[in-house]
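Participant: See input_22.cif below, with mmCIF, C-alpha atoms.
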data_target
loop_
_atom_site.label_atom_id
_atom_site.label_comp_id
_atom_site.auth_asym_id
_atom_site.auth_seq_id
_atom_site.Cartn_x
_atom_site.Cartn_y
_atom_site.Cartn_z
CA MET A 893 75.92 94.14 95.29
CA THR A 894 75.15 96.90 92.81
CA LYS A 895 77.66 98.11 90.23
CA THR A 896 77.89 101.41 92.12
CA LEU A 897 78.85 99.77 95.42
CA LYS A 898 81.37 97.56 93.65
CA THR A 899 82.85 100.69 92.11
CA PHE A 900 83.25 102.33 95.54
CA ARG A 901 85.22 99.37 96.77
CA ARG A 902 87.32 99.18 93.62
CA ILE A 903 88.44 102.79 93.79
CA GLY A 904 89.22 102.72 97.48
CA LEU A 905 86.54 104.88 99.09
CA THR A 906 86.31 103.47 102.60
CA ALA A 907 83.35 104.24 104.85
CA LEU A 908 82.02 106.14 102.07
CA ALA A 909 84.74 104.27 101.02
CA ALA A 910 84.40 100.47 100.60
CA ALA A 911 83.89 104.53 100.75
CA LEU A 912 90.56 131.68 92.61
CA LEU A 913 92.79 132.97 90.62
CA ALA A 914 92.49 136.08 88.43
CA GLY A 915 90.72 135.36 85.21
CA VAL A 916 87.84 133.37 86.72
CA THR A 917 85.36 135.84 88.09
CA ALA A 918 82.12 135.57 90.01
CA PRO A 919 80.17 137.87 92.29
CA ALA A 920 81.66 138.29 95.73
CA ALA A 921 80.24 136.10 98.46
CA SER A 922 77.50 137.60 100.56
CA ALA A 923 77.81 137.27 104.32
CA GLY A 924 75.00 135.07 105.55
CA GLN A 925 73.80 134.41 102.01
CA ASP A 926 70.63 132.32 102.19
CA ARG A 927 70.94 129.11 100.18
CA PRO A 928 68.45 126.73 101.84
CA GLU A 929 68.69 124.23 98.99
CA LEU A 930 72.41 123.79 99.66
CA GLN A 931 71.97 123.54 103.42
CA LYS A 932 69.30 120.91 102.88
CA ALA A 933 71.55 118.94 100.53
CA ALA A 934 74.33 118.94 103.14
CA GLN A 935 71.93 117.79 105.84
CA GLU A 936 70.93 114.82 103.70
CA PHE A 937 74.47 113.42 103.99
CA VAL A 938 74.23 113.61 107.77
CA ASP A 939 70.78 112.02 107.68
CA ALA A 940 72.33 109.21 105.63
CA GLY A 941 74.69 108.38 108.51
CA PHE A 942 77.74 110.62 108.19
CA GLY A 943 78.88 112.48 111.28
CA GLY A 944 79.27 115.86 109.63
CA MET A 945 79.65 117.72 106.36
CA GLN A 946 81.18 121.01 105.28
CA LEU A 947 80.21 122.31 101.87
CA ARG A 948 81.38 125.18 99.67
CA VAL A 949 79.81 126.28 96.37
CA ARG A 950 80.84 129.04 94.00
CA ASP A 951 78.50 129.90 91.14
CA GLU A 952 76.81 132.82 89.41
CA ARG A 953 75.20 133.81 92.73
CA GLY A 954 78.54 134.12 94.50
CA GLU A 955 80.21 131.93 97.09
CA TRP A 956 78.39 130.02 99.83
CA SER A 957 79.74 127.81 102.59
CA GLY A 958 77.92 125.90 105.29
CA SER A 959 78.02 122.77 107.37
CA ALA A 960 75.77 120.16 108.93
CA GLY A 961 76.12 117.55 111.63
CA VAL A 962 78.61 117.83 114.49
CA ARG A 963 82.25 118.74 114.87
CA GLU A 964 82.80 116.07 117.51
CA LEU A 965 80.72 113.20 118.84
CA GLY A 966 78.94 114.18 122.05
CA GLY A 967 78.97 117.87 121.11
CA THR A 968 76.53 120.17 119.37
CA ALA A 969 78.88 122.49 117.45
CA LYS A 970 78.77 122.11 113.68
CA PRO A 971 81.91 121.32 111.66
CA PRO A 972 83.93 124.47 110.89
CA THR A 973 83.40 125.63 107.32
CA ASN A 974 87.15 126.32 107.09
CA GLY A 975 88.12 123.00 108.65
CA HIS A 976 90.99 120.80 107.50
CA PHE A 977 90.33 117.23 106.37
CA ARG A 978 92.01 114.31 104.61
CA VAL A 979 91.07 114.44 100.94
CA GLY A 980 91.80 110.80 100.06
CA SER A 981 91.95 110.03 96.35
CA THR A 982 91.34 113.68 95.45
CA THR A 983 95.13 113.74 95.95
CA LYS A 984 95.46 111.90 92.62
CA ASN A 985 94.41 115.00 90.72
CA PHE A 986 97.24 117.02 92.31
CA THR A 987 99.72 114.24 91.55
CA ALA A 988 98.55 114.03 87.93
CA THR A 989 98.86 117.79 87.52
CA LEU A 990 102.44 117.71 88.81
CA VAL A 991 103.39 114.99 86.33
CA LEU A 992 101.66 116.83 83.49
CA GLN A 993 103.62 119.99 84.25
CA PHE A 994 106.78 118.05 83.43
CA VAL A 995 105.10 116.92 80.21
CA ALA A 996 104.27 120.55 79.40
CA GLU A 997 107.94 121.45 79.88
CA GLY A 998 109.08 118.69 77.53
CA ARG A 999 110.87 116.84 80.33
CA ILE A 1000 108.87 113.67 79.65
CA GLY A 1001 106.17 112.59 77.22
CA LEU A 1002 102.76 111.10 77.89
CA ASP A 1003 103.80 108.01 75.98
CA THR A 1004 107.28 107.76 77.50
CA PRO A 1005 107.93 104.33 79.09
CA VAL A 1006 108.43 104.60 82.84
CA ALA A 1007 110.70 101.60 83.46
CA GLY A 1008 113.84 103.34 82.18
CA LEU A 1009 113.40 106.20 84.65
CA LEU A 1010 112.71 103.89 87.61
CA PRO A 1011 114.78 100.81 86.74
CA ARG A 1012 115.01 99.44 90.29
CA PHE A 1013 111.40 98.16 90.26
CA GLY A 1014 111.45 95.97 87.18
CA LEU A 1015 108.33 97.59 85.77
CA ASP A 1016 106.89 96.29 82.53
CA PRO A 1017 108.72 98.33 79.83
CA ARG A 1018 105.40 98.87 78.01
CA ILE A 1019 103.93 100.96 80.88
CA THR A 1020 103.84 104.65 79.96
CA VAL A 1021 103.14 107.89 81.82
CA ARG A 1022 99.68 108.02 80.26
CA MET A 1023 98.89 104.50 81.49
CA LEU A 1024 99.81 105.41 85.06
CA LEU A 1025 97.59 108.49 85.09
CA GLN A 1026 94.65 106.76 83.41
CA HIS A 1027 94.85 103.45 85.32
CA THR A 1028 95.56 101.37 82.23
CA SER A 1029 98.98 100.09 83.34
CA GLY A 1030 97.67 96.78 84.66
CA LEU A 1031 99.67 97.23 87.90
CA PHE A 1032 98.28 95.37 90.92
CA ASN A 1033 96.60 97.68 93.43
CA HIS A 1034 98.76 97.58 96.56
CA THR A 1035 95.69 98.23 98.75
CA GLY A 1036 94.04 95.08 97.37
CA GLN A 1037 92.90 94.04 93.93
CA TYR A 1038 89.15 93.71 93.42
CA HIS A 1039 88.24 91.32 90.63
CA PRO A 1040 85.11 91.32 88.43
CA ASP A 1041 83.86 88.11 90.05
CA GLY A 1042 83.81 89.78 93.48
CA THR A 1043 86.95 88.12 94.83
CA VAL A 1044 89.79 90.14 96.31
CA THR A 1045 93.54 89.59 96.31
CA PRO A 1046 94.68 91.27 99.56
CA GLY A 1047 97.31 93.99 99.67
CA ILE A 1048 98.42 96.02 102.68
CA PRO A 1049 95.86 96.37 105.50
CA TRP A 1050 93.56 99.36 105.03
CA ALA A 1051 90.35 98.33 106.82
CA GLY A 1052 89.06 96.68 109.99
CA GLN A 1053 91.01 95.81 113.12
CA GLU A 1054 94.15 95.06 111.11
CA TRP A 1055 94.28 98.66 109.84
CA VAL A 1056 93.32 100.08 113.26
CA ASP A 1057 96.29 98.28 114.82
CA LYS A 1058 98.66 99.64 112.13
CA ARG A 1059 97.17 103.09 111.59
CA PHE A 1060 100.36 104.81 112.78
CA HIS A 1061 102.71 102.55 110.83
CA THR A 1062 104.99 104.18 108.26
CA TYR A 1063 105.27 102.69 104.78
CA GLN A 1064 107.84 103.79 102.25
CA PRO A 1065 106.58 104.46 98.69
CA GLU A 1066 109.17 102.02 97.37
CA GLU A 1067 107.82 99.13 99.43
CA LEU A 1068 104.28 99.77 98.17
CA VAL A 1069 105.49 99.58 94.58
CA ARG A 1070 107.60 96.49 95.28
CA LEU A 1071 104.55 94.77 96.77
CA ALA A 1072 102.54 95.60 93.65
CA VAL A 1073 105.14 94.37 91.16
CA SER A 1074 105.52 91.13 93.16
CA LYS A 1075 101.93 90.28 92.18
CA PRO A 1076 100.74 89.22 88.73
CA ALA A 1077 99.64 92.07 86.48
CA VAL A 1078 95.88 92.52 86.22
CA PHE A 1079 96.22 92.75 82.43
CA ALA A 1080 98.86 93.62 79.86
CA PRO A 1081 99.68 97.35 79.79
CA GLY A 1082 97.15 99.35 77.82
CA VAL A 1083 94.59 96.61 77.17
CA GLY A 1084 92.20 97.29 80.08
CA TRP A 1085 91.23 99.67 82.86
CA SER A 1086 91.52 99.05 86.60
CA TYR A 1087 91.76 101.69 89.31
CA SER A 1088 95.06 101.10 91.10
CA ASN A 1089 96.49 103.28 93.84
CA THR A 1090 99.91 101.95 92.90
CA ASN A 1091 99.83 103.93 89.65
CA TYR A 1092 99.95 107.16 91.61
CA VAL A 1093 102.70 105.98 93.97
CA VAL A 1094 104.81 105.29 90.87
CA ALA A 1095 103.83 108.77 89.63
CA ARG A 1096 105.14 110.20 92.91
CA LEU A 1097 108.50 108.49 92.41
CA LEU A 1098 108.55 109.79 88.84
CA VAL A 1099 108.08 113.37 90.09
CA GLU A 1100 110.94 112.90 92.53
CA LYS A 1101 113.19 111.42 89.83
CA LEU A 1102 112.50 114.26 87.39
CA SER A 1103 112.74 117.06 89.95
CA GLY A 1104 115.46 115.76 92.24
CA ARG A 1105 113.31 116.90 95.17
CA PRO A 1106 110.95 115.22 97.65
CA PHE A 1107 107.39 115.03 96.35
CA ALA A 1108 106.02 117.37 99.02
CA ASP A 1109 108.64 120.02 98.18
CA GLU A 1110 107.84 119.88 94.46
CA LEU A 1111 104.11 120.05 95.18
CA ASP A 1112 104.70 123.12 97.33
CA ARG A 1113 106.97 124.77 94.75
CA ARG A 1114 104.78 124.20 91.72
CA ILE A 1115 101.20 124.34 93.02
CA LEU A 1116 100.69 125.23 96.67
CA ARG A 1117 102.79 128.39 96.88
CA PRO A 1118 101.82 129.84 93.47
CA LEU A 1119 98.13 129.41 94.30
CA LYS A 1120 98.60 130.47 97.96
CA LEU A 1121 97.09 127.20 99.21
CA ARG A 1122 98.26 127.74 102.78
CA ASP A 1123 95.94 125.10 104.24
CA THR A 1124 96.97 122.26 101.94
CA LEU A 1125 99.81 119.84 102.51
CA SER A 1126 101.25 116.45 101.66
CA PRO A 1127 101.90 115.23 105.23
CA GLY A 1128 104.24 112.30 104.66
CA ALA A 1129 104.30 110.21 107.84
CA TRP A 1130 102.92 113.02 110.03
CA ALA A 1131 99.74 111.73 111.67
CA GLY A 1132 98.51 115.10 112.89
CA MET A 1133 95.80 117.45 111.65
CA PRO A 1134 96.09 121.27 111.49
CA LYS A 1135 93.43 123.22 113.38
CA PRO A 1136 90.59 123.86 112.94
CA TYR A 1137 89.05 120.52 112.01
CA ALA A 1138 86.07 118.29 112.57
CA HIS A 1139 86.83 114.95 114.19
CA ALA A 1140 86.52 111.88 111.98
CA TYR A 1141 85.40 108.47 113.22
CA TYR A 1142 85.78 104.97 111.87
CA ARG A 1143 83.12 102.37 112.62
CA TYR A 1144 84.07 98.76 112.02
CA GLU A 1145 83.17 95.25 113.05
CA ASN A 1146 85.60 92.96 114.85
CA ALA A 1147 84.88 89.57 116.39
CA GLY A 1148 81.14 90.15 116.00
CA GLN A 1149 81.17 93.51 117.77
CA TRP A 1150 80.90 97.01 116.28
CA LYS A 1151 83.43 99.60 117.44
CA THR A 1152 83.86 103.31 116.75
CA ILE A 1153 87.20 105.08 117.14
CA ASP A 1154 88.44 108.61 116.47
CA VAL A 1155 90.75 108.43 113.42
CA THR A 1156 91.38 112.15 112.95
CA HIS A 1157 95.03 111.34 113.60
CA GLN A 1158 96.44 108.59 111.38
CA ASN A 1159 99.57 107.94 109.36
CA PRO A 1160 98.59 108.15 105.66
CA THR A 1161 101.74 106.60 104.17
CA TRP A 1162 99.80 103.43 103.32
CA ILE A 1163 98.11 105.36 100.50
CA SER A 1164 100.97 107.82 99.76
CA SER A 1165 100.46 110.24 96.85
CA ALA A 1166 97.38 108.31 95.78
CA GLY A 1167 95.43 109.75 98.72
CA ASP A 1168 97.45 111.26 101.59
CA MET A 1169 96.84 115.01 101.29
CA ILE A 1170 95.11 117.37 103.74
CA SER A 1171 93.21 120.46 102.56
CA THR A 1172 90.12 122.63 103.06
CA THR A 1173 87.08 123.26 100.90
CA LYS A 1174 88.39 126.75 100.10
CA ASP A 1175 91.80 125.52 98.96
CA LEU A 1176 90.29 122.73 96.87
CA GLN A 1177 87.99 125.28 95.25
CA THR A 1178 90.89 127.59 94.41
CA TYR A 1179 93.02 124.75 93.09
CA PHE A 1180 90.44 122.99 90.92
CA SER A 1181 89.14 126.24 89.45
CA ALA A 1182 92.71 127.26 88.60
CA LEU A 1183 93.40 123.92 86.96
CA GLN A 1184 90.25 123.86 84.82
CA SER A 1185 90.60 127.50 83.77
CA GLY A 1186 94.12 126.93 82.41
CA LYS A 1187 96.28 128.45 85.15
CA LEU A 1188 98.34 125.30 85.76
CA LEU A 1189 98.49 123.48 82.41
CA PRO A 1190 98.33 124.45 78.74
CA ALA A 1191 95.10 123.89 76.85
CA TRP A 1192 96.33 120.82 74.99
CA LEU A 1193 97.12 119.01 78.23
CA LEU A 1194 93.79 119.98 79.76
CA ALA A 1195 92.23 118.39 76.68
CA GLU A 1196 94.30 115.24 77.26
CA MET A 1197 93.12 115.08 80.89
CA ARG A 1198 89.55 115.00 79.62
CA VAL A 1199 90.05 112.15 77.15
CA THR A 1200 88.40 109.27 79.01
CA HIS A 1201 88.68 105.51 78.85
CA PRO A 1202 85.48 103.71 77.77
CA GLY A 1203 85.95 100.98 80.37
CA SER A 1204 86.18 103.36 83.34
CA GLU A 1205 82.52 104.20 83.94
CA SER A 1206 81.50 104.83 87.56
CA LEU A 1207 79.20 107.01 89.62
CA TYR A 1208 81.59 109.88 88.86
CA GLY A 1209 81.64 109.51 85.08
CA PHE A 1210 84.56 108.24 82.98
CA TYR A 1211 88.23 108.49 83.95
CA GLY A 1212 90.74 110.58 82.02
CA LEU A 1213 94.19 111.56 83.29
CA GLY A 1214 93.76 112.07 87.03
CA GLN A 1215 90.11 113.09 86.91
CA PHE A 1216 86.62 112.01 85.92
CA THR A 1217 84.49 113.65 83.24
CA GLN A 1218 80.76 113.37 83.91
CA ASP A 1219 77.93 114.32 81.56
CA LEU A 1220 74.94 115.40 83.65
CA GLY A 1221 72.64 115.58 80.65
CA PRO A 1222 70.51 118.31 79.02
CA GLY A 1223 70.36 121.57 80.94
CA CYS A 1224 73.29 120.61 83.15
CA GLY A 1225 76.27 119.98 80.92
CA THR A 1226 79.64 118.44 81.78
CA VAL A 1227 81.47 118.52 85.11
CA LEU A 1228 85.02 117.47 85.99
CA ASN A 1229 85.68 115.84 89.33
CA HIS A 1230 87.88 113.70 91.53
CA ASN A 1231 86.41 112.69 94.85
CA GLY A 1232 88.13 110.64 97.51
CA GLY A 1233 87.94 108.84 100.81
CA VAL A 1234 90.08 107.29 103.51
CA ASN A 1235 88.92 105.83 106.81
CA GLY A 1236 86.85 108.49 108.55
CA TYR A 1237 86.93 111.02 105.71
CA GLY A 1238 85.39 111.69 102.31
CA SER A 1239 85.96 114.60 99.95
CA LEU A 1240 84.19 116.06 96.91
CA MET A 1241 85.81 118.27 94.27
CA TYR A 1242 83.80 119.35 91.18
CA SER A 1243 84.14 122.08 88.58
CA SER A 1244 82.60 123.25 85.35
CA PRO A 1245 85.01 122.95 82.40
CA ASP A 1246 85.92 126.66 82.57
CA GLY A 1247 86.47 126.68 86.33
CA SER A 1248 83.77 129.28 86.99
CA LYS A 1249 81.44 127.01 89.00
CA THR A 1250 82.76 124.73 91.74
CA LEU A 1251 81.57 122.41 94.48
CA THR A 1252 83.95 121.22 97.20
CA ALA A 1253 83.05 119.37 100.36
CA SER A 1254 84.16 117.07 103.14
CA VAL A 1255 82.21 114.43 105.00
CA THR A 1256 83.36 112.81 108.23
CA GLY A 1257 82.43 109.45 109.65
CA GLY A 1258 80.34 109.20 112.81
CA ASP A 1259 78.98 106.45 115.04
CA SER A 1260 75.59 105.92 113.44
CA ALA A 1261 74.54 102.29 113.08
CA LYS A 1262 73.08 103.34 109.75
CA ASP A 1263 75.53 102.56 106.95
CA PRO A 1264 75.81 105.75 104.85
CA LEU A 1265 77.07 103.94 101.75
CA PRO A 1266 73.70 102.84 100.30
CA SER A 1267 72.30 106.38 100.51
CA TYR A 1268 75.47 108.09 99.29
CA PRO A 1269 74.90 107.88 95.51
CA ALA A 1270 71.45 109.48 95.69
CA ALA A 1271 72.60 112.21 98.09
CA LEU A 1272 75.60 112.97 95.88
CA ASN A 1273 73.54 113.04 92.70
CA LYS A 1274 71.06 115.45 94.27
CA LEU A 1275 73.82 117.74 95.52
CA VAL A 1276 75.68 117.83 92.19
CA ARG A 1277 72.48 118.54 90.26
CA THR A 1278 71.43 121.21 92.74
CA VAL A 1279 74.69 123.03 92.07
CA PHE A 1280 75.26 122.40 88.37
CA CYS A 1281 71.71 122.08 87.07
CA GLY A 1282 70.03 124.70 89.21
CA LYS A 1283 67.42 122.15 90.27
#
Take the structure in the file and write it out as structure tokens.

Facilitator:
Amino acid sequence: MTKTLKTFRRIGLTALAAALLAGVTAPAASAGQDRPELQKAAQEFVDAGFGGMQLRVRDERGEWSGSAGVRELGGTAKPPTNGHFRVGSTTKNFTATLVLQFVAEGRIGLDTPVAGLLPRFGLDPRITVRMLLQHTSGLFNHTGQYHPDGTVTPGIPWAGQEWVDKRFHTYQPEELVRLAVSKPAVFAPGVGWSYSNTNYVVARLLVEKLSGRPFADELDRRILRPLKLRDTLSPGAWAGMPKPYAHAYYRYENAGQWKTIDVTHQNPTWISSAGDMISTTKDLQTYFSALQSGKLLPAWLLAEMRVTHPGSESLYGFYGLGQFTQDLGPGCGTVLNHNGGVNGYGSLMYSSPDGSKTLTASVTGGDSAKDPLPSYPAALNKLVRTVFCGK
């Protein structure tokens, strides 16, 4: 298995995964704007085995949106370009931003130990806010810990027939954290790097402790309403999907047979604030541009978000606080990103450092016997370079 494929599995991308505010200006979008290079790049994801893709790009030429593939198996209609989808681990960037807003207000520090604020879990007193957001806490990943030798210590079910049977089950954030702390730490706090969904469930509980409000309410109060992100939500245990949307499918093997089921509706509490949110390409574009251009955090905290850990290299670059920083090389520059995936869905969220150029997208699983994972890195690299390198 290549390092890239191992990385996918480590950071929880399932099928792909095993897979603007004022101040940032660009020309207005042109109706029917012809961007064949972007349409072709989207089609390559479908050719790789995904069921559909919706893509949105904003750059010096304006704003373009398009889609490829199908909205629903057996149909011919393309996915809606304003369709809702599950964003998976892209949620982590929202969660990190919420926590960092409390840091900006002086309510907590990046190097404040977390155990004293959440004493009921018996967390290692050396774990700090920074360690949670950068995945250096050493906390066991409640969705399963992948080890360098290729072995896995199981966590809660998130794949295969076991997940299918429990896809409407409700987990409480507290039980996910308790599961994690019942397992041996991966390493002592601060001495290594390991992507752990549990870090961001603890961050959720930290937000609730500091605010005195449910996580979804604080997200709405601090980010969604100020940015007018009307199509974005933290759904809790709600298994539904707002219309419009493209259907998402999960293909898995059980007892030697391959099965495909519609997983558009699923209860995302198993991943909680590490990956449960629903959004659209337009809302993700507005949000990530606002963040990178300084509308949500002061400059010094944006700089902290971009300080990466040397042991965190992946297809997406190096991990900072709730996002990756990726150097595309000469002529392209640096991009910030946090992509994500849960069963049936994948999301892309990229921005230039000033927020002026963005790429947001969703891919949905289909029923192709062709595994899209091996072709995904090349298709993603081509898309990102098409947008940010002009090639």

Participant: Quick one: residues within 9 Å of Val1056 of chain A, all atoms listed in the file counted, chain neighbours fewer than 6 positions away excluded, as a PyMOL selection string?

Facilitator: chain A and resi 1049-1050+1153+1155

Participant: With all atoms listed in the file as the basis for distance, which of A:Leu1265, A:Val995, A:Ala1147, A:Leu1121 is at the shortest distance from Gly1052 of chain A?

Facilitator: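 Of A:Leu1265, A:Val995, A:Ala1147, A:Leu1121, the one nearest Gly1052 of chain A is A:Ala1147, counting all atoms listed in the file.
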
Participant: Apply the PyMOL selection byres ((chain A and resi 998-1007) around 6) to the file shown and report the selected residues as number ranges by chain.

Facilitator: A: 994-997, 1008-1011, 1015, 1017, 1019-1022

Participant: Starting from the shown file, work through the PyMOL selection byres ((chain A and resi 927) around 10) and note down what comes out as a list in words.

Facilitator: Gly924, Gln925, Asp926, Pro928, Glu929, Leu930, Gln931, Lys932, Arg953, Trp956, Ser957 and Gly958 of chain A

Participant: I'd like to see the residues matched by the PyMOL selection byres ((chain A and resi 944) around 8) on this file, and ideally I'd get them as a list in words.

Facilitator: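 Written out, the selection comes to Phe937, Val938, Phe942, Gly943, Met945, Gln946, Ser959, Ala960, Gly961, Val962, Arg963, Lys970, Pro971, Ala1138, Val1255, Thr1256, Gly1257 and Gly1258 of chain A.
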
Participant: Could you please give me, as a PyMOL selection string, the residues of protein, DNA or RNA lying at most 12 Å from (98.8, 116.2, 86.8) in the coordinate frame of the file, considering only C-alpha atoms?

Facilitator: chain A and resi 982-996+1002+1021-1022+1024-1026+1092+1095-1096+1098-1099+1111+1114-1115+1165+1180+1183-1184+1188-1190+1193-1194+1196-1198+1212-1215

Participant: Have a look at atom CA of Trp1162 of chain A and atom CA of Glu964 of chain A and let me know their distance in Å, one decimal.

Facilitator: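 Distance reported for this atom pair: 25.5 Å.
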
Participant: Please provide the set of residues having any atom within 8 Å of Ile1170 of chain A, restricted to all atoms listed in the file, with same-chain residues fewer than 3 positions apart removed, written as a list in words.

Facilitator: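 Residues meeting the cut-off are His976, Phe977, Arg978, Val979, Asp1123, Thr1124, Leu1125, Ser1126, Pro1127 and Met1133 of chain A.
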
Participant: Kindly indicate which residue among A:Thr1028, A:Pro1046, A:Val1093, A:Arg1117 lies nearest to Ala1077 of chain A, using all atoms listed in the file for the distances.

Facilitator: A:Thr1028

Participant: Looking at A:Tyr1063, A:Tyr1137, A:Phe1079, A:Tyr1038, which one is nearest to Asp1016 of chain A, with distances taken over all atoms listed in the file?

Facilitator: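 With all atoms listed in the file as the atom set, the closest residue is A:Phe1079.
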
Participant: Within 9 Å of Leu1071 of chain A, counting only C-alpha atoms, which residues qualify if same-chain residues fewer than 3 places away don't, as a PDB file with C-alpha atoms, in the coordinates of the input?

Facilitator:
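Once everything was written out, this is part_12.pdb:
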ATOM      1  CA  PHE A1032      98.280  95.370  90.920  1.00  0.00           C
ATOM      2  CA  HIS A1034      98.760  97.580  96.560  1.00  0.00           C
ATOM      3  CA  GLY A1047      97.310  93.990  99.670  1.00  0.00           C
ATOM      4  CA  ILE A1048      98.420  96.020 102.680  1.00  0.00           C
ATOM      5  CA  GLU A1066     109.170 102.020  97.370  1.00  0.00           C
ATOM      6  CA  GLU A1067     107.820  99.130  99.430  1.00  0.00           C
ATOM      7  CA  LEU A1068     104.280  99.770  98.170  1.00  0.00           C
ATOM      8  CA  SER A1074     105.520  91.130  93.160  1.00  0.00           C
ATOM      9  CA  LYS A1075     101.930  90.280  92.180  1.00  0.00           C
TER      10      LYS A1075
END

Participant: Could you make a table, as JSON lines, of the residues of segment 1206-1274 of chain A that have an atom within 6 Å of an atom of segment 949-952 of chain A, each with its nearest atom pair and distance in Å to one decimal, counting all atoms listed in the file, in chain and number order?

Facilitator:
{"residue": "A:Lys1249", "atom": "CA", "partner": "A:Asp951", "partner_atom": "CA", "distance": 4.6}
{"residue": "A:Thr1250", "atom": "CA", "partner": "A:Arg950", "partner_atom": "CA", "distance": 5.2}
{"residue": "A:Leu1251", "atom": "CA", "partner": "A:Val949", "partner_atom": "CA", "distance": 4.7}

Participant: Which of these, A:Ser1260, A:Thr968, A:Thr1045, A:Ser1239, has the shortest distance to Gly1167 of chain A once you count only C-alpha atoms?

Facilitator: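 Checking each candidate against Gly1167 of chain A, we get A:Ser1239 as the closest.
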